[in-house]
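Input: a single structure, listed below in structure tokens.
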Amino acid sequence: MFSIVKHPARTLHQPCDDVTQFGDSLHALAEEMNKTMISSNGIGLAAPQIGKNIKFVIVKVGDEGSEYAAYVNPVITFHSAKKVSIEEGCLSLPGLYGYVTRAAKIRVKYQNVRGEKKIEKLTGMPAIILQHEIDHINSKLIIDCDIHITKGEKILRS
Ligand SMILES: [Zn+2]
């Protein structure tokens, strides 16, 4: 299990390198990040949040259980004109919540932990979470977005 790096730690604000090593070690990292995410009640986690400046993120899948999806070197290749916003929080910014405007639909190009190239279309919560996580690997936090700060009635941290 990792501890979560909090703002203003340097790794959150530094560029991330491409992942070039795939396979067992990357899968093990994903599993360990998933444990960290679950124990923190998170719904997404990016490698810079555990102190690693690499382009690697995970997103929780489903409401129950411990299933997750891993995205290696993800790049958003399409943002819909339609926008949505939900109240977001961030494990690296404890106690801060707010509405961030995101694309309702995205298309993402990425690799899986085995290095296979994938393209996926996402809508709804997974699209929002993945945009939050991809911001992390681009050194961007919700405080760097156009955010409408709230009191955090609903807690969705990633
Ligand atoms: Zn975050």
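Convention: chains lettered A, B, ... in structure tokens order; per-chain residue numbering from 1; ligands numbered from 1 as shown.
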
Could you list, as a PDB file with C-alpha atoms, in the first residue's frame, all the residues within 8 Å of ligand 1, counting only C-alpha atoms and all ligand atoms?
```
ATOM      1  CA  GLY A  44      -9.642   6.918  -9.234  1.00  0.00           C
ATOM      2  CA  LEU A  45      -5.912   7.294  -8.648  1.00  0.00           C
ATOM      3  CA  ALA A  46      -3.025   8.575 -10.742  1.00  0.00           C
ATOM      4  CA  GLN A  49      -0.491  10.753  -6.307  1.00  0.00           C
ATOM      5  CA  GLY A  89     -12.825  16.013  -4.638  1.00  0.00           C
ATOM      6  CA  CYS A  90      -9.215  14.910  -4.795  1.00  0.00           C
ATOM      7  CA  LEU A  91      -7.296  12.577  -2.498  1.00  0.00           C
ATOM      8  CA  SER A  92      -4.343  14.958  -2.868  1.00  0.00           C
ATOM      9  CA  LEU A  93      -6.429  17.979  -1.766  1.00  0.00           C
ATOM     10  CA  HIS A 132      -9.608  14.074 -13.563  1.00  0.00           C
ATOM     11  CA  GLU A 133      -6.908  11.359 -13.570  1.00  0.00           C
ATOM     12  CA  HIS A 136      -3.055  14.516 -12.805  1.00  0.00           C
ATOM     13  CA  LEU A 141      -5.155  19.524 -10.181  1.00  0.00           C
ATOM     14  CA  ILE A 142      -8.786  20.582  -9.749  1.00  0.00           C
ATOM     15  CA  ARG A 157     -12.477  11.605  -4.441  1.00  0.00           C
ATOM     16  CA  SER A 158     -10.023  10.599  -7.125  1.00  0.00           C
TER      17      SER A 158
END
```

Within 12 Å of Ile38 in chain A, counting only C-alpha atoms, which residues show up once you throw out same-chain ones fewer than 4 positions away? Write them as a list in words, please.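 Within the cut-off, the hits are Met1, Phe2, Ile4, Glu31, Glu32, Met33, Asn34, Gly42, Ile43, Gly44, Leu45, Ile58, Val59, Lys60, Val61, Asp63, Glu64, Gly65, Ser66, Glu67, Tyr68, Leu91, Arg157 and Ser158 of chain A.
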
With only C-alpha atoms as the counted atoms, please give the residues lying no more than 6 Å from Cys16 in chain A, apart from itself and same-chain residues fewer than 3 positions off, as a PDB file with N, CA and C atoms, in the first residue's frame.
```pdb
ATOM      1  N   ASN A  53       6.171   9.696 -11.095  1.00  0.00           N
ATOM      2  CA  ASN A  53       5.867  10.570 -12.228  1.00  0.00           C
ATOM      3  C   ASN A  53       5.855   9.806 -13.549  1.00  0.00           C
ATOM      4  N   ILE A  54       4.862   8.917 -13.652  1.00  0.00           N
ATOM      5  CA  ILE A  54       4.662   8.159 -14.890  1.00  0.00           C
ATOM      6  C   ILE A  54       3.202   8.277 -15.318  1.00  0.00           C
ATOM      7  N   LYS A  55       2.976   8.060 -16.633  1.00  0.00           N
ATOM      8  CA  LYS A  55       1.630   8.212 -17.192  1.00  0.00           C
ATOM      9  C   LYS A  55       0.830   6.932 -16.978  1.00  0.00           C
ATOM     10  N   ILE A 137      -1.798  13.371 -14.561  1.00  0.00           N
ATOM     11  CA  ILE A 137      -0.531  13.032 -15.236  1.00  0.00           C
ATOM     12  C   ILE A 137      -0.044  14.181 -16.115  1.00  0.00           C
TER      13      ILE A 137
END
```

What parts of range 14-136 of chain A does DSSP call helix (DSSP H, G or I)? I'd like the answer as a VMD selection string. chain A and resid 24 to 39 47 to 50 124 to 136

Go ahead and save the residues from that selection, with C-alpha atoms, as an mmCIF file, in the first residue's frame.
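Output (out.cif):
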```
data_model
loop_
_atom_site.group_PDB
_atom_site.id
_atom_site.type_symbol
_atom_site.label_atom_id
_atom_site.label_comp_id
_atom_site.auth_asym_id
_atom_site.auth_seq_id
_atom_site.Cartn_x
_atom_site.Cartn_y
_atom_site.Cartn_z
ATOM 1 C CA ASP A 24 4.000 -8.220 -14.360
ATOM 2 C CA SER A 25 5.646 -5.282 -12.600
ATOM 3 C CA LEU A 26 3.111 -2.832 -14.024
ATOM 4 C CA HIS A 27 0.256 -5.165 -13.116
ATOM 5 C CA ALA A 28 1.643 -5.379 -9.567
ATOM 6 C CA LEU A 29 1.774 -1.575 -9.400
ATOM 7 C CA ALA A 30 -1.862 -1.400 -10.537
ATOM 8 C CA GLU A 31 -2.917 -3.888 -7.853
ATOM 9 C CA GLU A 32 -1.077 -1.947 -5.154
ATOM 10 C CA MET A 33 -2.569 1.338 -6.351
ATOM 11 C CA ASN A 34 -6.028 -0.263 -6.284
ATOM 12 C CA LYS A 35 -5.546 -1.289 -2.641
ATOM 13 C CA THR A 36 -4.457 2.257 -1.858
ATOM 14 C CA MET A 37 -7.464 3.692 -3.710
ATOM 15 C CA ILE A 38 -9.921 1.407 -1.905
ATOM 16 C CA SER A 39 -8.487 2.117 1.541
ATOM 17 C CA ALA A 47 0.624 7.531 -10.336
ATOM 18 C CA PRO A 48 1.825 11.053 -9.341
ATOM 19 C CA GLN A 49 -0.491 10.753 -6.307
ATOM 20 C CA ILE A 50 1.668 7.902 -5.003
ATOM 21 C CA GLY A 124 -20.955 9.378 -17.450
ATOM 22 C CA MET A 125 -18.899 8.959 -14.287
ATOM 23 C CA PRO A 126 -16.050 6.954 -15.868
ATOM 24 C CA ALA A 127 -15.507 9.791 -18.385
ATOM 25 C CA ILE A 128 -15.394 12.381 -15.598
ATOM 26 C CA ILE A 129 -13.052 10.353 -13.397
ATOM 27 C CA LEU A 130 -10.700 9.597 -16.269
ATOM 28 C CA GLN A 131 -10.503 13.304 -17.210
ATOM 29 C CA HIS A 132 -9.608 14.074 -13.563
ATOM 30 C CA GLU A 133 -6.908 11.359 -13.570
ATOM 31 C CA ILE A 134 -5.452 12.363 -16.937
ATOM 32 C CA ASP A 135 -5.232 15.939 -15.612
ATOM 33 C CA HIS A 136 -3.055 14.516 -12.805
#
```

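Distance-wise, CA of Ala69 in chain A and CA of Asp17 in chain A end up 20.0 Å apart.
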
Show me, as a list in words, the residues that have an atom within 8 Å of Leu12 in chain A when counting only C-alpha atoms, minus same-chain residues fewer than 2 positions from it.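 The residues satisfying every condition are Val5, Lys6, His7, Pro8, Ala9, Arg10, Gln14, Pro48, Gln49, Gly51, His136, Ser139, Lys140 and Leu141 of chain A.
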
Let me make sure I understand: among A:Ile119, A:Val75, A:Ala81, A:Ile86, which one has the smallest atom-to-atom distance to Lys105 in chain A if we use only C-alpha atoms?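 Ranked by minimum distance to Lys105 in chain A, first place goes to A:Ala81.
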
Name the residues of chain A that come out as strand (DSSP E) in a backbone DSSP run; write them as a ChimeraX atom specification. /A:44-46,56-60,68-79,83-89,97-103,105-111,117-123,147-150
